[in-house]
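Everything below belongs to model-v8.cif, which stores mmCIF, N, CA and C atoms.
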data_structure
loop_
_atom_site.label_atom_id
_atom_site.label_comp_id
_atom_site.auth_asym_id
_atom_site.auth_seq_id
_atom_site.Cartn_x
_atom_site.Cartn_y
_atom_site.Cartn_z
N MET A 1 -2.23 153.84 77.75
CA MET A 1 -2.32 153.06 76.54
C MET A 1 -0.94 152.57 76.13
N MET A 2 0.08 153.39 76.27
CA MET A 2 1.43 152.99 75.92
C MET A 2 1.92 151.89 76.86
N LYS A 3 1.55 151.99 78.15
CA LYS A 3 1.96 150.98 79.11
C LYS A 3 1.40 149.62 78.73
N ASN A 4 0.14 149.55 78.30
CA ASN A 4 -0.48 148.29 77.90
C ASN A 4 0.23 147.67 76.71
N SER A 5 0.64 148.48 75.74
CA SER A 5 1.33 147.94 74.58
C SER A 5 2.71 147.45 74.97
N LEU A 6 3.39 148.13 75.89
CA LEU A 6 4.70 147.68 76.37
C LEU A 6 4.59 146.36 77.11
N VAL A 7 3.55 146.23 77.92
CA VAL A 7 3.34 144.98 78.65
C VAL A 7 3.07 143.85 77.67
N SER A 8 2.28 144.12 76.66
CA SER A 8 1.98 143.11 75.64
C SER A 8 3.25 142.66 74.92
N ILE A 9 4.08 143.61 74.56
CA ILE A 9 5.34 143.29 73.88
C ILE A 9 6.24 142.49 74.81
N ALA A 10 6.31 142.89 76.07
CA ALA A 10 7.17 142.18 77.04
C ALA A 10 6.68 140.76 77.26
N ARG A 11 5.36 140.57 77.32
CA ARG A 11 4.83 139.22 77.50
C ARG A 11 5.20 138.31 76.32
N ARG A 12 5.07 138.84 75.10
CA ARG A 12 5.41 138.04 73.92
C ARG A 12 6.90 137.73 73.91
N ALA A 13 7.73 138.69 74.28
CA ALA A 13 9.18 138.50 74.23
C ALA A 13 9.65 137.52 75.30
N LEU A 14 8.94 137.44 76.40
CA LEU A 14 9.37 136.58 77.49
C LEU A 14 8.84 135.16 77.40
N THR A 15 7.96 134.90 76.46
CA THR A 15 7.51 133.54 76.25
C THR A 15 8.54 132.87 75.36
N THR A 16 9.20 131.87 75.88
CA THR A 16 10.30 131.25 75.16
C THR A 16 10.35 129.76 75.45
N THR A 17 11.20 129.07 74.73
CA THR A 17 11.38 127.65 74.96
C THR A 17 12.79 127.40 75.47
N VAL A 18 12.89 126.68 76.58
CA VAL A 18 14.17 126.37 77.18
C VAL A 18 14.28 124.85 77.27
N ASN A 19 15.28 124.27 76.57
CA ASN A 19 15.51 122.83 76.58
C ASN A 19 14.23 122.05 76.25
N SER A 20 13.55 122.45 75.23
CA SER A 20 12.32 121.82 74.77
C SER A 20 11.17 121.90 75.77
N THR A 21 11.32 122.70 76.81
CA THR A 21 10.25 122.91 77.78
C THR A 21 9.78 124.34 77.64
N ALA A 22 8.51 124.50 77.45
CA ALA A 22 7.98 125.85 77.29
C ALA A 22 8.00 126.56 78.63
N LEU A 23 8.54 127.74 78.66
CA LEU A 23 8.61 128.55 79.85
C LEU A 23 7.86 129.84 79.56
N ASN A 24 6.78 130.06 80.27
CA ASN A 24 5.95 131.23 80.06
C ASN A 24 6.15 132.18 81.23
N LEU A 25 6.74 133.34 80.99
CA LEU A 25 6.95 134.32 82.04
C LEU A 25 5.91 135.41 81.91
N ARG A 26 5.29 135.73 83.01
CA ARG A 26 4.36 136.85 83.01
C ARG A 26 5.10 138.07 83.49
N CYS A 27 5.04 139.13 82.73
CA CYS A 27 5.77 140.34 83.05
C CYS A 27 4.79 141.45 83.36
N TYR A 28 4.96 142.07 84.49
CA TYR A 28 4.15 143.21 84.86
C TYR A 28 5.09 144.37 85.10
N CYS A 29 4.92 145.42 84.34
CA CYS A 29 5.83 146.55 84.41
C CYS A 29 5.39 147.50 85.51
N SER A 30 6.36 148.02 86.23
CA SER A 30 6.08 149.03 87.24
C SER A 30 6.90 150.27 86.90
N PRO A 31 6.49 151.41 87.42
CA PRO A 31 7.23 152.63 87.11
C PRO A 31 8.65 152.55 87.64
N PRO A 32 9.59 153.22 86.98
CA PRO A 32 10.97 153.17 87.46
C PRO A 32 11.08 153.75 88.85
N SER A 33 11.95 153.16 89.63
CA SER A 33 12.14 153.58 91.01
C SER A 33 12.92 154.89 91.06
N SER A 34 12.55 155.73 92.01
CA SER A 34 13.29 156.97 92.18
C SER A 34 14.57 156.73 92.96
N SER A 35 14.61 155.64 93.74
CA SER A 35 15.79 155.34 94.54
C SER A 35 16.21 153.90 94.33
N LYS A 36 17.33 153.71 93.64
CA LYS A 36 17.84 152.36 93.45
C LYS A 36 18.82 152.00 94.56
N ALA A 37 19.01 152.91 95.50
CA ALA A 37 19.96 152.70 96.58
C ALA A 37 19.22 152.22 97.83
N LYS A 38 18.44 151.15 97.67
CA LYS A 38 17.64 150.64 98.77
C LYS A 38 18.06 149.20 99.04
N LEU A 39 18.36 148.91 100.31
CA LEU A 39 18.77 147.57 100.69
C LEU A 39 17.70 146.89 101.52
N PHE A 40 17.50 145.61 101.25
CA PHE A 40 16.68 144.76 102.11
C PHE A 40 17.62 144.18 103.16
N VAL A 41 17.25 144.28 104.42
CA VAL A 41 18.06 143.76 105.52
C VAL A 41 17.21 142.75 106.28
N GLY A 42 17.59 141.47 106.18
CA GLY A 42 16.87 140.41 106.86
C GLY A 42 17.69 139.84 108.01
N GLY A 43 17.03 139.06 108.85
CA GLY A 43 17.70 138.44 109.99
C GLY A 43 17.86 139.38 111.16
N LEU A 44 17.01 140.39 111.26
CA LEU A 44 17.12 141.35 112.35
C LEU A 44 16.59 140.76 113.65
N SER A 45 17.30 141.07 114.72
CA SER A 45 16.87 140.69 116.06
C SER A 45 15.70 141.58 116.46
N TRP A 46 14.86 141.10 117.36
CA TRP A 46 13.74 141.92 117.82
C TRP A 46 14.22 143.14 118.59
N SER A 47 15.46 143.11 119.08
CA SER A 47 15.96 144.24 119.85
C SER A 47 16.47 145.38 118.97
N VAL A 48 16.59 145.16 117.67
CA VAL A 48 17.10 146.20 116.76
C VAL A 48 15.98 147.19 116.45
N ASP A 49 16.30 148.47 116.58
CA ASP A 49 15.34 149.51 116.21
C ASP A 49 15.93 150.34 115.06
N GLU A 50 15.16 151.32 114.58
CA GLU A 50 15.60 152.12 113.44
C GLU A 50 16.91 152.86 113.73
N LYS A 51 17.06 153.37 114.93
CA LYS A 51 18.27 154.12 115.29
C LYS A 51 19.50 153.22 115.25
N SER A 52 19.42 152.03 115.83
CA SER A 52 20.59 151.15 115.83
C SER A 52 20.91 150.64 114.43
N LEU A 53 19.88 150.44 113.61
CA LEU A 53 20.10 150.02 112.23
C LEU A 53 20.75 151.15 111.42
N GLN A 54 20.31 152.37 111.64
CA GLN A 54 20.92 153.52 110.96
C GLN A 54 22.37 153.68 111.40
N ASP A 55 22.64 153.52 112.67
CA ASP A 55 24.02 153.64 113.17
C ASP A 55 24.92 152.59 112.54
N ALA A 56 24.40 151.37 112.35
CA ALA A 56 25.20 150.29 111.79
C ALA A 56 25.56 150.55 110.33
N PHE A 57 24.71 151.26 109.59
CA PHE A 57 24.94 151.46 108.16
C PHE A 57 25.45 152.86 107.81
N SER A 58 25.43 153.79 108.73
CA SER A 58 25.79 155.18 108.40
C SER A 58 27.27 155.35 108.10
N SER A 59 28.11 154.40 108.49
CA SER A 59 29.54 154.54 108.18
C SER A 59 29.84 154.32 106.70
N PHE A 60 28.88 153.82 105.94
CA PHE A 60 29.08 153.55 104.51
C PHE A 60 28.62 154.69 103.62
N GLY A 61 27.92 155.65 104.18
CA GLY A 61 27.44 156.78 103.39
C GLY A 61 26.21 157.37 104.04
N GLU A 62 25.61 158.34 103.34
CA GLU A 62 24.43 159.02 103.87
C GLU A 62 23.20 158.13 103.80
N VAL A 63 22.67 157.78 104.96
CA VAL A 63 21.44 156.99 105.06
C VAL A 63 20.28 157.96 105.07
N THR A 64 19.40 157.85 104.08
CA THR A 64 18.28 158.80 103.97
C THR A 64 17.03 158.32 104.69
N GLU A 65 16.88 156.99 104.82
CA GLU A 65 15.69 156.46 105.50
C GLU A 65 15.98 155.04 105.98
N VAL A 66 15.43 154.70 107.14
CA VAL A 66 15.51 153.35 107.68
C VAL A 66 14.10 152.97 108.09
N LYS A 67 13.68 151.77 107.68
CA LYS A 67 12.33 151.33 108.03
C LYS A 67 12.37 149.86 108.42
N ILE A 68 11.94 149.57 109.62
CA ILE A 68 11.79 148.18 110.08
C ILE A 68 10.32 147.83 109.96
N ILE A 69 10.04 146.65 109.45
CA ILE A 69 8.66 146.22 109.24
C ILE A 69 8.15 145.52 110.50
N TYR A 70 6.99 145.95 110.97
CA TYR A 70 6.39 145.41 112.19
C TYR A 70 5.14 144.60 111.85
N ASP A 71 4.87 143.59 112.67
CA ASP A 71 3.67 142.78 112.51
C ASP A 71 2.46 143.63 112.88
N ARG A 72 1.46 143.59 112.06
CA ARG A 72 0.26 144.40 112.25
C ARG A 72 -0.51 144.00 113.51
N ASP A 73 -0.55 142.70 113.79
CA ASP A 73 -1.35 142.22 114.92
C ASP A 73 -0.63 142.31 116.26
N THR A 74 0.64 141.90 116.29
CA THR A 74 1.37 141.86 117.56
C THR A 74 2.17 143.12 117.84
N GLY A 75 2.51 143.88 116.80
CA GLY A 75 3.33 145.07 116.99
C GLY A 75 4.81 144.77 117.13
N ARG A 76 5.19 143.51 117.02
CA ARG A 76 6.60 143.13 117.13
C ARG A 76 7.24 143.18 115.75
N PRO A 77 8.56 143.41 115.73
CA PRO A 77 9.26 143.43 114.43
C PRO A 77 9.16 142.08 113.74
N ARG A 78 9.09 142.10 112.42
CA ARG A 78 8.98 140.86 111.64
C ARG A 78 10.35 140.29 111.27
N GLY A 79 11.42 140.99 111.65
CA GLY A 79 12.76 140.47 111.41
C GLY A 79 13.44 140.98 110.16
N PHE A 80 12.84 141.97 109.51
CA PHE A 80 13.48 142.55 108.34
C PHE A 80 13.12 144.02 108.22
N GLY A 81 13.91 144.70 107.40
CA GLY A 81 13.67 146.12 107.19
C GLY A 81 14.39 146.60 105.94
N PHE A 82 14.39 147.90 105.73
CA PHE A 82 14.97 148.50 104.54
C PHE A 82 15.82 149.69 104.94
N VAL A 83 16.96 149.84 104.26
CA VAL A 83 17.86 150.97 104.49
C VAL A 83 18.05 151.67 103.14
N HIS A 84 17.74 152.96 103.08
CA HIS A 84 17.88 153.77 101.87
C HIS A 84 19.15 154.61 101.97
N PHE A 85 19.92 154.61 100.89
CA PHE A 85 21.12 155.44 100.81
C PHE A 85 20.91 156.51 99.75
N SER A 86 21.66 157.60 99.86
CA SER A 86 21.56 158.66 98.86
C SER A 86 22.31 158.29 97.58
N LYS A 87 23.30 157.39 97.66
CA LYS A 87 24.07 156.99 96.48
C LYS A 87 24.08 155.47 96.34
N GLU A 88 24.01 155.02 95.09
CA GLU A 88 24.03 153.58 94.81
C GLU A 88 25.35 152.94 95.23
N GLU A 89 26.46 153.67 95.06
CA GLU A 89 27.77 153.13 95.42
C GLU A 89 27.85 152.85 96.92
N ASP A 90 27.26 153.73 97.72
CA ASP A 90 27.27 153.54 99.17
C ASP A 90 26.46 152.30 99.55
N ALA A 91 25.33 152.12 98.89
CA ALA A 91 24.49 150.95 99.16
C ALA A 91 25.22 149.67 98.78
N ALA A 92 25.92 149.68 97.65
CA ALA A 92 26.65 148.49 97.21
C ALA A 92 27.78 148.15 98.18
N SER A 93 28.51 149.15 98.64
CA SER A 93 29.60 148.87 99.58
C SER A 93 29.06 148.40 100.93
N ALA A 94 27.93 148.95 101.37
CA ALA A 94 27.32 148.50 102.62
C ALA A 94 26.84 147.07 102.49
N LYS A 95 26.26 146.72 101.35
CA LYS A 95 25.80 145.35 101.12
C LYS A 95 26.96 144.38 101.19
N ASP A 96 28.04 144.69 100.48
CA ASP A 96 29.19 143.80 100.45
C ASP A 96 29.83 143.64 101.83
N ALA A 97 29.90 144.72 102.58
CA ALA A 97 30.57 144.69 103.87
C ALA A 97 29.72 144.07 104.98
N MET A 98 28.41 144.31 104.95
CA MET A 98 27.56 143.90 106.07
C MET A 98 26.85 142.57 105.88
N ASP A 99 26.79 142.04 104.66
CA ASP A 99 26.10 140.77 104.43
C ASP A 99 26.81 139.65 105.19
N GLY A 100 26.09 139.00 106.09
CA GLY A 100 26.64 137.91 106.90
C GLY A 100 27.22 138.36 108.23
N LYS A 101 27.39 139.66 108.42
CA LYS A 101 27.91 140.17 109.70
C LYS A 101 26.82 140.14 110.76
N ALA A 102 27.22 139.98 112.01
CA ALA A 102 26.26 139.90 113.11
C ALA A 102 25.89 141.29 113.60
N LEU A 103 24.61 141.47 113.87
CA LEU A 103 24.10 142.67 114.50
C LEU A 103 23.16 142.21 115.61
N SER A 104 23.48 142.58 116.84
CA SER A 104 22.73 142.13 118.02
C SER A 104 22.66 140.60 118.08
N GLY A 105 23.77 139.96 117.72
CA GLY A 105 23.87 138.51 117.86
C GLY A 105 23.29 137.69 116.73
N ARG A 106 22.77 138.33 115.67
CA ARG A 106 22.20 137.58 114.55
C ARG A 106 22.85 138.01 113.24
N PRO A 107 23.17 137.04 112.37
CA PRO A 107 23.78 137.41 111.08
C PRO A 107 22.75 138.07 110.15
N LEU A 108 23.19 139.12 109.50
CA LEU A 108 22.31 139.85 108.58
C LEU A 108 22.34 139.22 107.20
N ARG A 109 21.20 139.23 106.53
CA ARG A 109 21.10 138.84 105.12
C ARG A 109 20.71 140.11 104.37
N ILE A 110 21.60 140.55 103.50
CA ILE A 110 21.39 141.83 102.83
C ILE A 110 21.38 141.62 101.32
N SER A 111 20.42 142.25 100.66
CA SER A 111 20.36 142.24 99.21
C SER A 111 19.78 143.57 98.74
N LEU A 112 19.92 143.84 97.45
CA LEU A 112 19.29 145.03 96.89
C LEU A 112 17.79 144.82 96.91
N ALA A 113 17.07 145.81 97.36
CA ALA A 113 15.62 145.69 97.49
C ALA A 113 14.96 145.85 96.13
N LEU A 114 13.91 145.08 95.90
CA LEU A 114 13.10 145.20 94.70
C LEU A 114 11.95 146.14 94.98
N GLU A 115 11.71 147.04 94.06
CA GLU A 115 10.59 147.97 94.21
C GLU A 115 9.30 147.27 93.82
N ARG A 116 8.32 147.36 94.68
CA ARG A 116 7.00 146.82 94.36
C ARG A 116 5.99 147.94 94.46
N VAL A 117 5.09 147.95 93.51
CA VAL A 117 4.00 148.91 93.54
C VAL A 117 2.82 148.19 94.15
N ARG A 118 2.23 148.78 95.15
CA ARG A 118 1.13 148.14 95.88
C ARG A 118 0.02 147.72 94.91
N GLY A 119 -0.34 146.46 95.00
CA GLY A 119 -1.42 145.93 94.18
C GLY A 119 -0.99 145.37 92.84
N GLU A 120 0.26 145.58 92.45
CA GLU A 120 0.74 145.05 91.18
C GLU A 120 1.60 143.83 91.42
N PRO A 121 1.38 142.76 90.70
CA PRO A 121 2.22 141.57 90.86
C PRO A 121 3.61 141.79 90.29
N VAL A 122 4.52 140.92 90.67
CA VAL A 122 5.89 140.97 90.16
C VAL A 122 6.04 139.90 89.09
N VAL A 123 7.22 139.83 88.45
CA VAL A 123 7.47 138.83 87.42
C VAL A 123 7.44 137.45 88.06
N VAL A 124 6.60 136.57 87.52
CA VAL A 124 6.44 135.24 88.08
C VAL A 124 6.68 134.21 86.98
N PRO A 125 7.70 133.36 87.11
CA PRO A 125 7.90 132.33 86.09
C PRO A 125 6.85 131.24 86.21
N ARG A 126 6.36 130.77 85.09
CA ARG A 126 5.36 129.70 85.06
C ARG A 126 5.86 128.60 84.14
N LEU A 127 5.89 127.38 84.62
CA LEU A 127 6.25 126.24 83.79
C LEU A 127 4.97 125.55 83.35
N ARG A 128 4.90 125.26 82.09
CA ARG A 128 3.74 124.53 81.59
C ARG A 128 3.89 123.06 81.93
N ASN A 129 2.78 122.38 82.12
CA ASN A 129 2.80 120.96 82.38
C ASN A 129 3.29 120.26 81.12
N THR A 130 4.46 119.62 81.22
CA THR A 130 5.07 119.01 80.03
C THR A 130 4.68 117.56 79.87
N GLY A 131 3.97 117.00 80.86
CA GLY A 131 3.57 115.60 80.75
C GLY A 131 4.77 114.67 80.79
N ASP A 132 5.77 115.03 81.58
CA ASP A 132 7.02 114.26 81.70
C ASP A 132 6.69 112.87 82.22
N SER A 133 6.98 111.83 81.43
CA SER A 133 6.66 110.46 81.83
C SER A 133 7.61 109.92 82.87
N SER A 134 8.76 110.57 83.09
CA SER A 134 9.69 110.10 84.09
C SER A 134 9.24 110.49 85.49
N ARG A 135 8.28 111.38 85.58
CA ARG A 135 7.76 111.80 86.87
C ARG A 135 6.78 110.76 87.37
N ARG A 136 6.94 110.33 88.59
CA ARG A 136 6.07 109.30 89.15
C ARG A 136 5.10 109.92 90.13
N ASP A 137 3.87 109.55 89.99
CA ASP A 137 2.84 109.99 90.93
C ASP A 137 2.55 108.84 91.89
N ALA A 138 2.51 109.11 93.17
CA ALA A 138 2.26 108.06 94.16
C ALA A 138 0.80 107.83 94.35
#
Target format structure tokens, applied to this file:
Amino acid sequence: MMKNSLVSIARRALTTTVNSTALNLRCYCSPPSSSKAKLFVGGLSWSVDEKSLQDAFSSFGEVTEVKIIYDRDTGRPRGFGFVHFSKEEDAASAKDAMDGKALSGRPLRISLALERVRGEPVVVPRLRNTGDSSRRDA
């Protein structure tokens, strides 16, 4: 019951007007993450496995978990994964140092991972139709 009231308050607070255009944000709250030291690692080569990914990031601190995401149908890697660190500072230094660096011939794209709860949507910005007359329809 408390969660519903918080969501209601968040929805009202996030509905705002920006430059005379109404911007309606839908906010869905999820429980706080137990680990904020999680990195999203994109641009992985198909030859990279969990062990090589852990080896690449272990010099920055204690890596608690490495997970590469695989395609359900083909069984091949989808080109991204997640690296969990025991400390947020270690994750931040690994992100700064490894973002853009090559691993197995491909540059990595690294960012802090967003926690998603299965089945719950994330914050999605919605623009209302403003009826802008400068927009041309073909």
(request) Would you mind reading off the distance between CA of His84 (chain A) and CA of Leu39 (chain A), one decimal, in Å? (result)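 The value is 6.4 Å.
Across the structure, CA of Gln54 (chain A) and CA of Arg78 (chain A) are spaced 17.4 Å apart.
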(request) With a distance cut-off of 12 Å and only C-alpha atoms, select the neighbouring residues of Lys51 (chain A), excluding the residue or stretch itself and same-chain residues fewer than 6 positions from it, and output the selection as an MDAnalysis selection string. (result) chainID A and resid 57:58 63 65:68 83
(request) Calculate how many Å separate atom N of Gly42 (chain A) from atom C of Asp73 (chain A), rounding to one decimal. (result) 20.8 Å
(request) Do a neighbour search on Arg106 (chain A) at 8 Å with only N, CA and C atoms, toss out local chain neighbours closer than 2 positions, and write the hits as a list of chain:residue names. (result)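 Using only N, CA and C atoms, the neighbours found are A:Gly42, A:Gly43, A:Leu44, A:Ser45, A:Gly100, A:Lys101, A:Ala102, A:Leu103, A:Ser104, A:Leu108, A:Arg109.
In this comparison, which uses only C-alpha atoms, the residue of A:Phe40, A:Leu112, A:Trp46, A:Leu53 approaching Gly79 (chain A) most closely is A:Trp46.
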(request) Check the smallest atom-to-atom distance from each of A:Asp99, A:Leu114, A:Gly81, A:Asp55 to Val41 (chain A) using all atoms listed in the file, then report the winner. (result)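 For Val41 (chain A), the nearest of the candidates is A:Gly81.
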On this structure, the PyMOL selection byres ((chain A and resi 37) around 6) would catch which residues? List them as a compact mmCIF listing (two decimals) with N, CA and C atoms, keeping the file's coordinate frame, sorted by chain and number.
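And here is the file that came out, expr26.txt:
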# COMPACT_ATOMS: atom_id res chain seq x y z
N SER A 35 14.61 155.64 93.74
CA SER A 35 15.79 155.34 94.54
C SER A 35 16.21 153.90 94.33
N LYS A 36 17.33 153.71 93.64
CA LYS A 36 17.84 152.36 93.45
C LYS A 36 18.82 152.00 94.56
N LYS A 38 18.44 151.15 97.67
CA LYS A 38 17.64 150.64 98.77
C LYS A 38 18.06 149.20 99.04
N LEU A 39 18.36 148.91 100.31
CA LEU A 39 18.77 147.57 100.69
C LEU A 39 17.70 146.89 101.52
N VAL A 83 16.96 149.84 104.26
CA VAL A 83 17.86 150.97 104.49
C VAL A 83 18.05 151.67 103.14
N HIS A 84 17.74 152.96 103.08
CA HIS A 84 17.88 153.77 101.87
C HIS A 84 19.15 154.61 101.97
N PHE A 85 19.92 154.61 100.89
CA PHE A 85 21.12 155.44 100.81
C PHE A 85 20.91 156.51 99.75
N LYS A 87 23.30 157.39 97.66
CA LYS A 87 24.07 156.99 96.48
C LYS A 87 24.08 155.47 96.34
N GLU A 88 24.01 155.02 95.09
CA GLU A 88 24.03 153.58 94.81
C GLU A 88 25.35 152.94 95.23
N ALA A 91 25.33 152.12 98.89
CA ALA A 91 24.49 150.95 99.16
C ALA A 91 25.22 149.67 98.78
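Proximity to Ala94 (chain A) was assessed for A:Gly61, A:Ser52, A:Glu115, A:Asp71 counting all atoms listed in the file; the smallest distance is recorded for A:Gly61.
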Because the input lacks atoms here, generate N, CA, C and O atoms for region 94-112 of chain A and report them as an mmCIF file, in the coordinates of the input.
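Result file is out.cif:
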data_model
loop_
_atom_site.group_PDB
_atom_site.id
_atom_site.type_symbol
_atom_site.label_atom_id
_atom_site.label_comp_id
_atom_site.auth_asym_id
_atom_site.auth_seq_id
_atom_site.Cartn_x
_atom_site.Cartn_y
_atom_site.Cartn_z
ATOM 1 N N ALA A 94 27.930 148.950 101.370
ATOM 2 C CA ALA A 94 27.320 148.500 102.620
ATOM 3 C C ALA A 94 26.840 147.070 102.490
ATOM 4 O O ALA A 94 27.008 146.257 103.407
ATOM 5 N N LYS A 95 26.260 146.720 101.350
ATOM 6 C CA LYS A 95 25.800 145.350 101.120
ATOM 7 C C LYS A 95 26.960 144.380 101.190
ATOM 8 O O LYS A 95 26.892 143.354 101.865
ATOM 9 N N ASP A 96 28.040 144.690 100.480
ATOM 10 C CA ASP A 96 29.190 143.800 100.450
ATOM 11 C C ASP A 96 29.830 143.640 101.830
ATOM 12 O O ASP A 96 30.242 142.552 102.208
ATOM 13 N N ALA A 97 29.900 144.720 102.580
ATOM 14 C CA ALA A 97 30.570 144.690 103.870
ATOM 15 C C ALA A 97 29.720 144.070 104.980
ATOM 16 O O ALA A 97 30.238 143.386 105.863
ATOM 17 N N MET A 98 28.410 144.310 104.950
ATOM 18 C CA MET A 98 27.560 143.900 106.070
ATOM 19 C C MET A 98 26.850 142.570 105.880
ATOM 20 O O MET A 98 26.342 142.009 106.844
ATOM 21 N N ASP A 99 26.790 142.040 104.660
ATOM 22 C CA ASP A 99 26.100 140.770 104.430
ATOM 23 C C ASP A 99 26.810 139.650 105.190
ATOM 24 O O ASP A 99 27.993 139.411 105.010
ATOM 25 N N GLY A 100 26.090 139.000 106.090
ATOM 26 C CA GLY A 100 26.640 137.910 106.900
ATOM 27 C C GLY A 100 27.220 138.360 108.230
ATOM 28 O O GLY A 100 27.503 137.528 109.090
ATOM 29 N N LYS A 101 27.390 139.660 108.420
ATOM 30 C CA LYS A 101 27.910 140.170 109.700
ATOM 31 C C LYS A 101 26.820 140.140 110.760
ATOM 32 O O LYS A 101 25.638 140.271 110.454
ATOM 33 N N ALA A 102 27.220 139.980 112.010
ATOM 34 C CA ALA A 102 26.260 139.900 113.110
ATOM 35 C C ALA A 102 25.890 141.290 113.600
ATOM 36 O O ALA A 102 26.738 142.176 113.706
ATOM 37 N N LEU A 103 24.610 141.470 113.870
ATOM 38 C CA LEU A 103 24.100 142.670 114.500
ATOM 39 C C LEU A 103 23.160 142.210 115.610
ATOM 40 O O LEU A 103 22.192 141.485 115.342
ATOM 41 N N SER A 104 23.480 142.580 116.840
ATOM 42 C CA SER A 104 22.730 142.130 118.020
ATOM 43 C C SER A 104 22.660 140.600 118.080
ATOM 44 O O SER A 104 21.630 140.026 118.407
ATOM 45 N N GLY A 105 23.770 139.960 117.720
ATOM 46 C CA GLY A 105 23.870 138.510 117.860
ATOM 47 C C GLY A 105 23.290 137.690 116.730
ATOM 48 O O GLY A 105 23.298 136.465 116.792
ATOM 49 N N ARG A 106 22.770 138.330 115.670
ATOM 50 C CA ARG A 106 22.200 137.580 114.550
ATOM 51 C C ARG A 106 22.850 138.010 113.240
ATOM 52 O O ARG A 106 23.030 139.202 113.010
ATOM 53 N N PRO A 107 23.170 137.040 112.370
ATOM 54 C CA PRO A 107 23.780 137.410 111.080
ATOM 55 C C PRO A 107 22.750 138.070 110.150
ATOM 56 O O PRO A 107 21.612 137.620 110.057
ATOM 57 N N LEU A 108 23.190 139.120 109.500
ATOM 58 C CA LEU A 108 22.310 139.850 108.580
ATOM 59 C C LEU A 108 22.340 139.220 107.200
ATOM 60 O O LEU A 108 23.370 138.742 106.741
ATOM 61 N N ARG A 109 21.200 139.230 106.530
ATOM 62 C CA ARG A 109 21.100 138.840 105.120
ATOM 63 C C ARG A 109 20.710 140.110 104.370
ATOM 64 O O ARG A 109 19.632 140.654 104.564
ATOM 65 N N ILE A 110 21.600 140.550 103.500
ATOM 66 C CA ILE A 110 21.390 141.830 102.830
ATOM 67 C C ILE A 110 21.380 141.620 101.320
ATOM 68 O O ILE A 110 22.211 140.908 100.773
ATOM 69 N N SER A 111 20.420 142.250 100.660
ATOM 70 C CA SER A 111 20.360 142.240 99.210
ATOM 71 C C SER A 111 19.780 143.570 98.740
ATOM 72 O O SER A 111 19.224 144.319 99.533
ATOM 73 N N LEU A 112 19.920 143.840 97.450
ATOM 74 C CA LEU A 112 19.290 145.030 96.890
ATOM 75 C C LEU A 112 17.790 144.820 96.910
ATOM 76 O O LEU A 112 17.295 143.757 96.532
#
